[in-house]
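Participant: Dumping the structure here so I can ask a few things about it.
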Amino acid sequence: MELKQALGRRIKTLRDLRGLTQNDFAAALDRSVDGISMIERGLNWPSVATIERMAAVLNVSTTELFNDLGTTGPANGEDLVVVARELIAKLGQPELEVAVATLDALARKSAITPAGRS
């Protein structure tokens with residue numbers, strides 16, 4: 001996936017998770033809805049100033065917008081890295097320990113399972 005598309009998906013996923021419509025998001029950024037749509041679809045790059053404003057509105061750091069881009073899952077779906085981070089942030093310590101153990105088991109299974117088989 002192209003970096004522009006991955007960033008667009010990340011922004012859209014975060015916007016959706018925050019319950020913001022494109023209209024709300026565009027208004028908060030003083031940008032057009034069409035401009036936001038083009039960024040979210042990976043057709044345009046936002047300026048550095050717009051990236052900083054987007055991060056502020058979405059309540060994330062600019063670093064979080066770019067970390068792990070390209071590891072986001074199916075081409076037409078949500079940014080799974082962001083969804084996982086959001087869910088993990090809601091867990092208490094006991095649930096977090098279960099989640100880590102589950103992820104560890106999945107990672108170990110994935111490492112020994114030949115590609116294309118589950």
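Residues are named by chain letter and number: chains run A, B, ... in the order of the structure tokens, numbers start at 1 in each chain, and ligands are numbered from 1 in the order shown.
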Need to verify the contact set: region 63-65 of chain A, 9 Å, only C-alpha atoms, exclusion of same-chain residues closer than 6 positions in sequence. Can you return it as a PyMOL selection string?
Facilitator: chain A and resi 7+10-11+51+55+82
Participant: Go ahead and save the picked residues with N, CA and C atoms, as an mmCIF file, in the first residue's frame.
Facilitator:
data_model
loop_
_atom_site.group_PDB
_atom_site.id
_atom_site.type_symbol
_atom_site.label_atom_id
_atom_site.label_comp_id
_atom_site.auth_asym_id
_atom_site.auth_seq_id
_atom_site.Cartn_x
_atom_site.Cartn_y
_atom_site.Cartn_z
ATOM 1 N N LEU A 7 -1.636 6.618 5.154
ATOM 2 C CA LEU A 7 -1.890 7.773 6.026
ATOM 3 C C LEU A 7 -3.364 8.176 5.960
ATOM 4 N N ARG A 10 -5.340 5.806 8.010
ATOM 5 C CA ARG A 10 -5.109 6.050 9.438
ATOM 6 C C ARG A 10 -5.954 7.232 9.903
ATOM 7 N N ILE A 11 -5.951 8.319 9.153
ATOM 8 C CA ILE A 11 -6.708 9.520 9.522
ATOM 9 C C ILE A 11 -8.204 9.212 9.553
ATOM 10 N N ILE A 51 -1.302 18.433 9.004
ATOM 11 C CA ILE A 51 -1.025 17.207 9.774
ATOM 12 C C ILE A 51 -0.992 17.520 11.264
ATOM 13 N N ALA A 55 -3.664 15.982 13.961
ATOM 14 C CA ALA A 55 -3.240 15.255 15.158
ATOM 15 C C ALA A 55 -3.885 15.850 16.406
ATOM 16 N N VAL A 82 -4.343 1.015 14.496
ATOM 17 C CA VAL A 82 -5.001 2.058 15.290
ATOM 18 C C VAL A 82 -6.127 1.457 16.125
#
Participant: Give me the residues near Val48 (chain A) as a list in words, where near means some atom within 10 Å (using only C-alpha atoms) and where sequence neighbours in that chain fewer than 5 positions away do not count.
Facilitator: Arg53, Met54 and Thr62 of chain A
Participant: Using CA of Thr102 (chain A) and CA of Ala84 (chain A) as the two end points, give the distance in Å to one decimal.
Facilitator: 13.0 Å
Participant: As a ChimeraX atom specification, please: every residue in region 18-104 of chain A that DSSP puts in helix (DSSP H, G or I).
Facilitator: /A:22-29,33-40,48-58,62-66,80-89,93-104
Participant: Given the choices A:Val83, A:Leu29, A:Glu2, A:Ser110, which gets closest to Ala56 (chain A) if the distance is worked out from only C-alpha atoms?
Facilitator: A:Leu29
Participant: Under the rule that only C-alpha atoms are counted, which of A:Leu17, A:Ser61, A:Lys12, A:Leu91 is the nearest residue to Gly42 (chain A)?
Facilitator: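 For Gly42 (chain A), the nearest of the given residues is A:Lys12.
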Participant: I want to know what sits within 12 Å of Glu40 (chain A), based on only C-alpha atoms, with residues of the same chain fewer than 2 positions away left out; could you give that as a compact mmCIF listing (two decimals) with all heavy atoms, in the first residue's frame?
Facilitator:
# COMPACT_ATOMS: atom_id res chain seq x y z
N LEU A 3 2.19 4.92 0.78
CA LEU A 3 2.23 5.66 2.04
C LEU A 3 1.08 6.66 2.14
O LEU A 3 0.46 6.80 3.20
CB LEU A 3 3.58 6.37 2.17
CG LEU A 3 3.87 7.04 3.50
CD1 LEU A 3 3.82 6.05 4.64
CD2 LEU A 3 5.23 7.71 3.46
N LYS A 4 0.78 7.35 1.05
CA LYS A 4 -0.32 8.33 1.07
C LYS A 4 -1.64 7.66 1.42
O LYS A 4 -2.45 8.19 2.18
CB LYS A 4 -0.45 8.98 -0.32
CG LYS A 4 -0.21 10.43 -0.35
CD LYS A 4 -0.54 11.13 -1.65
CE LYS A 4 -0.28 10.42 -2.92
NZ LYS A 4 -0.42 11.28 -4.10
N GLN A 5 -1.88 6.48 0.84
CA GLN A 5 -3.12 5.76 1.12
C GLN A 5 -3.15 5.26 2.56
O GLN A 5 -4.19 5.30 3.22
CB GLN A 5 -3.27 4.59 0.15
CG GLN A 5 -3.50 5.03 -1.27
CD GLN A 5 -3.39 3.86 -2.24
OE1 GLN A 5 -2.59 2.94 -2.03
NE2 GLN A 5 -4.17 3.92 -3.29
N ALA A 6 -2.02 4.79 3.05
CA ALA A 6 -1.95 4.31 4.43
C ALA A 6 -2.21 5.45 5.41
O ALA A 6 -2.94 5.28 6.40
CB ALA A 6 -0.59 3.67 4.70
N LEU A 7 -1.64 6.62 5.15
CA LEU A 7 -1.89 7.77 6.03
C LEU A 7 -3.36 8.18 5.96
O LEU A 7 -3.98 8.46 6.99
CB LEU A 7 -1.00 8.96 5.65
CG LEU A 7 -1.23 10.23 6.47
CD1 LEU A 7 -0.94 9.99 7.94
CD2 LEU A 7 -0.38 11.37 5.91
N GLY A 8 -3.93 8.18 4.78
CA GLY A 8 -5.34 8.52 4.63
C GLY A 8 -6.24 7.57 5.40
O GLY A 8 -7.18 7.99 6.08
N ARG A 9 -5.92 6.28 5.33
CA ARG A 9 -6.71 5.29 6.07
C ARG A 9 -6.57 5.51 7.57
O ARG A 9 -7.52 5.41 8.33
CB ARG A 9 -6.27 3.88 5.72
CG ARG A 9 -7.11 2.86 6.47
CD ARG A 9 -6.62 1.48 6.34
NE ARG A 9 -6.64 1.05 4.96
CZ ARG A 9 -6.28 -0.16 4.58
NH1 ARG A 9 -5.91 -1.04 5.47
NH2 ARG A 9 -6.30 -0.50 3.31
N ARG A 10 -5.34 5.81 8.01
CA ARG A 10 -5.11 6.05 9.44
C ARG A 10 -5.95 7.23 9.90
O ARG A 10 -6.61 7.18 10.94
CB ARG A 10 -3.62 6.31 9.67
CG ARG A 10 -3.29 6.85 11.03
CD ARG A 10 -2.61 5.95 12.01
NE ARG A 10 -2.29 4.61 11.66
CZ ARG A 10 -1.08 4.08 11.72
NH1 ARG A 10 -0.05 4.80 12.09
NH2 ARG A 10 -0.89 2.80 11.42
N ILE A 11 -5.95 8.32 9.15
CA ILE A 11 -6.71 9.52 9.52
C ILE A 11 -8.20 9.21 9.55
O ILE A 11 -8.91 9.57 10.50
CB ILE A 11 -6.38 10.68 8.57
CG1 ILE A 11 -4.93 11.14 8.82
CG2 ILE A 11 -7.36 11.83 8.72
CD1 ILE A 11 -4.36 12.03 7.73
N LYS A 12 -8.69 8.51 8.54
CA LYS A 12 -10.12 8.17 8.49
C LYS A 12 -10.51 7.28 9.66
O LYS A 12 -11.55 7.49 10.30
CB LYS A 12 -10.47 7.48 7.17
CG LYS A 12 -11.96 7.13 7.08
CD LYS A 12 -12.28 6.35 5.84
CE LYS A 12 -13.76 6.05 5.69
NZ LYS A 12 -14.51 5.75 6.88
N THR A 13 -9.69 6.28 9.96
CA THR A 13 -10.00 5.38 11.08
C THR A 13 -10.06 6.15 12.39
O THR A 13 -10.99 5.98 13.18
CB THR A 13 -8.95 4.25 11.17
OG1 THR A 13 -8.97 3.50 9.94
CG2 THR A 13 -9.23 3.34 12.34
N LEU A 14 -9.08 7.01 12.62
CA LEU A 14 -9.08 7.81 13.85
C LEU A 14 -10.30 8.73 13.89
O LEU A 14 -10.94 8.88 14.93
CB LEU A 14 -7.80 8.63 13.95
CG LEU A 14 -6.55 7.83 14.35
CD1 LEU A 14 -5.29 8.63 14.06
CD2 LEU A 14 -6.61 7.44 15.82
N ARG A 15 -10.62 9.36 12.78
CA ARG A 15 -11.79 10.25 12.73
C ARG A 15 -13.05 9.47 13.07
O ARG A 15 -13.88 9.91 13.89
CB ARG A 15 -11.91 10.89 11.34
CG ARG A 15 -13.13 11.78 11.20
CD ARG A 15 -13.27 12.36 9.81
NE ARG A 15 -13.35 11.41 8.73
CZ ARG A 15 -14.44 10.67 8.44
NH1 ARG A 15 -15.54 10.78 9.18
NH2 ARG A 15 -14.43 9.84 7.42
N ASP A 16 -13.20 8.29 12.47
CA ASP A 16 -14.37 7.45 12.75
C ASP A 16 -14.42 7.04 14.22
O ASP A 16 -15.48 7.08 14.85
CB ASP A 16 -14.37 6.20 11.87
CG ASP A 16 -14.70 6.48 10.41
OD1 ASP A 16 -15.23 7.57 10.10
OD2 ASP A 16 -14.41 5.60 9.58
N GLN A 22 -16.96 13.75 8.34
CA GLN A 22 -16.02 14.52 7.53
C GLN A 22 -16.35 16.01 7.64
O GLN A 22 -15.43 16.84 7.66
CB GLN A 22 -16.06 14.09 6.06
CG GLN A 22 -15.24 12.87 5.78
CD GLN A 22 -15.12 12.57 4.30
OE1 GLN A 22 -15.95 12.99 3.49
NE2 GLN A 22 -14.10 11.81 3.93
N PHE A 25 -14.92 17.25 10.98
CA PHE A 25 -13.46 17.24 10.91
C PHE A 25 -12.96 18.39 10.04
O PHE A 25 -12.04 19.13 10.42
CB PHE A 25 -13.00 15.89 10.36
CG PHE A 25 -11.54 15.60 10.54
CD1 PHE A 25 -10.89 15.81 11.74
CD2 PHE A 25 -10.81 15.04 9.50
CE1 PHE A 25 -9.55 15.50 11.90
CE2 PHE A 25 -9.48 14.72 9.64
CZ PHE A 25 -8.84 14.95 10.84
N ALA A 26 -13.60 18.56 8.89
CA ALA A 26 -13.21 19.65 7.99
C ALA A 26 -13.39 21.01 8.66
O ALA A 26 -12.52 21.88 8.55
CB ALA A 26 -14.02 19.57 6.69
N VAL A 33 -14.57 19.75 2.90
CA VAL A 33 -14.88 18.34 3.00
C VAL A 33 -14.22 17.59 1.86
O VAL A 33 -13.68 16.49 2.04
CB VAL A 33 -16.42 18.11 3.01
CG1 VAL A 33 -16.75 16.63 2.95
CG2 VAL A 33 -17.04 18.74 4.25
N ASP A 34 -14.23 18.17 0.67
CA ASP A 34 -13.58 17.54 -0.48
C ASP A 34 -12.09 17.35 -0.22
O ASP A 34 -11.52 16.31 -0.56
CB ASP A 34 -13.78 18.35 -1.75
CG ASP A 34 -15.20 18.26 -2.28
OD1 ASP A 34 -15.92 17.31 -1.92
OD2 ASP A 34 -15.57 19.14 -3.08
N GLY A 35 -11.45 18.33 0.38
CA GLY A 35 -10.03 18.22 0.70
C GLY A 35 -9.76 17.10 1.68
O GLY A 35 -8.80 16.33 1.52
N ILE A 36 -10.60 16.99 2.70
CA ILE A 36 -10.45 15.91 3.69
C ILE A 36 -10.68 14.56 3.02
O ILE A 36 -9.92 13.60 3.24
CB ILE A 36 -11.43 16.10 4.88
CG1 ILE A 36 -11.11 17.39 5.64
CG2 ILE A 36 -11.42 14.89 5.80
CD1 ILE A 36 -9.71 17.48 6.20
N SER A 37 -11.68 14.47 2.18
CA SER A 37 -11.98 13.23 1.47
C SER A 37 -10.79 12.79 0.61
O SER A 37 -10.43 11.61 0.58
CB SER A 37 -13.22 13.41 0.60
OG SER A 37 -13.44 12.25 -0.18
N MET A 38 -10.17 13.73 -0.07
CA MET A 38 -9.04 13.40 -0.93
C MET A 38 -7.83 12.93 -0.11
O MET A 38 -7.12 12.01 -0.52
CB MET A 38 -8.68 14.59 -1.81
CG MET A 38 -9.77 14.87 -2.85
SD MET A 38 -9.39 16.23 -3.93
CE MET A 38 -8.23 15.41 -5.03
N GLY A 42 -6.22 8.96 0.07
CA GLY A 42 -4.83 8.83 -0.36
C GLY A 42 -4.54 9.49 -1.69
O GLY A 42 -3.56 9.14 -2.36
N LEU A 43 -5.34 10.47 -2.06
CA LEU A 43 -5.13 11.16 -3.33
C LEU A 43 -4.27 12.41 -3.17
O LEU A 43 -3.61 12.83 -4.12
CB LEU A 43 -6.47 11.53 -3.95
CG LEU A 43 -7.40 10.34 -4.25
CD1 LEU A 43 -8.74 10.84 -4.77
CD2 LEU A 43 -6.74 9.37 -5.23
N ASN A 44 -4.31 13.01 -1.99
CA ASN A 44 -3.53 14.22 -1.72
C ASN A 44 -2.77 14.08 -0.41
O ASN A 44 -3.26 13.45 0.53
CB ASN A 44 -4.44 15.46 -1.60
CG ASN A 44 -4.88 15.99 -2.93
OD1 ASN A 44 -4.42 15.57 -3.97
ND2 ASN A 44 -5.81 16.92 -2.90
N TRP A 45 -1.60 14.72 -0.35
CA TRP A 45 -0.85 14.82 0.90
C TRP A 45 -1.30 16.06 1.65
O TRP A 45 -1.42 17.12 1.05
CB TRP A 45 0.65 15.00 0.61
CG TRP A 45 1.39 13.75 0.36
CD1 TRP A 45 1.89 13.32 -0.83
CD2 TRP A 45 1.75 12.75 1.31
NE1 TRP A 45 2.53 12.13 -0.67
CE2 TRP A 45 2.46 11.76 0.64
CE3 TRP A 45 1.53 12.62 2.68
CZ2 TRP A 45 2.96 10.63 1.28
CZ3 TRP A 45 2.02 11.50 3.32
CH2 TRP A 45 2.72 10.52 2.62
N PRO A 46 -1.54 15.95 2.94
CA PRO A 46 -1.81 17.16 3.72
C PRO A 46 -0.50 17.90 3.96
O PRO A 46 0.58 17.30 3.99
CB PRO A 46 -2.38 16.61 5.03
CG PRO A 46 -1.87 15.22 5.14
CD PRO A 46 -1.65 14.73 3.73
N MET A 54 -4.55 18.13 12.36
CA MET A 54 -5.28 16.85 12.40
C MET A 54 -4.94 16.07 13.65
O MET A 54 -5.83 15.55 14.33
CB MET A 54 -4.95 16.01 11.16
CG MET A 54 -5.57 16.49 9.89
SD MET A 54 -5.04 15.42 8.52
CE MET A 54 -6.29 15.85 7.32
N ASN A 76 -9.27 -2.20 1.89
CA ASN A 76 -10.47 -1.38 2.01
C ASN A 76 -11.03 -1.32 3.43
O ASN A 76 -12.15 -0.88 3.64
CB ASN A 76 -11.55 -1.89 1.05
CG ASN A 76 -11.97 -3.31 1.37
OD1 ASN A 76 -11.36 -3.97 2.20
ND2 ASN A 76 -12.99 -3.77 0.70
N GLU A 78 -10.44 -0.89 7.94
CA GLU A 78 -9.93 0.03 8.95
C GLU A 78 -8.43 -0.16 9.12
O GLU A 78 -7.88 -1.20 8.76
CB GLU A 78 -10.60 -0.23 10.29
CG GLU A 78 -12.05 0.14 10.35
CD GLU A 78 -12.62 -0.14 11.72
OE1 GLU A 78 -12.47 -1.28 12.21
OE2 GLU A 78 -13.20 0.78 12.30
N ASP A 79 -7.81 0.81 9.71
CA ASP A 79 -6.40 0.71 10.09
C ASP A 79 -6.36 -0.14 11.35
O ASP A 79 -6.65 0.34 12.45
CB ASP A 79 -5.84 2.11 10.32
CG ASP A 79 -4.36 2.12 10.60
OD1 ASP A 79 -3.87 1.14 11.22
OD2 ASP A 79 -3.70 3.09 10.23
Participant: Distance CA of Arg18 (chain A)-CA of Val57 (chain A), one decimal place?
Facilitator: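 So the answer is 9.4 Å.
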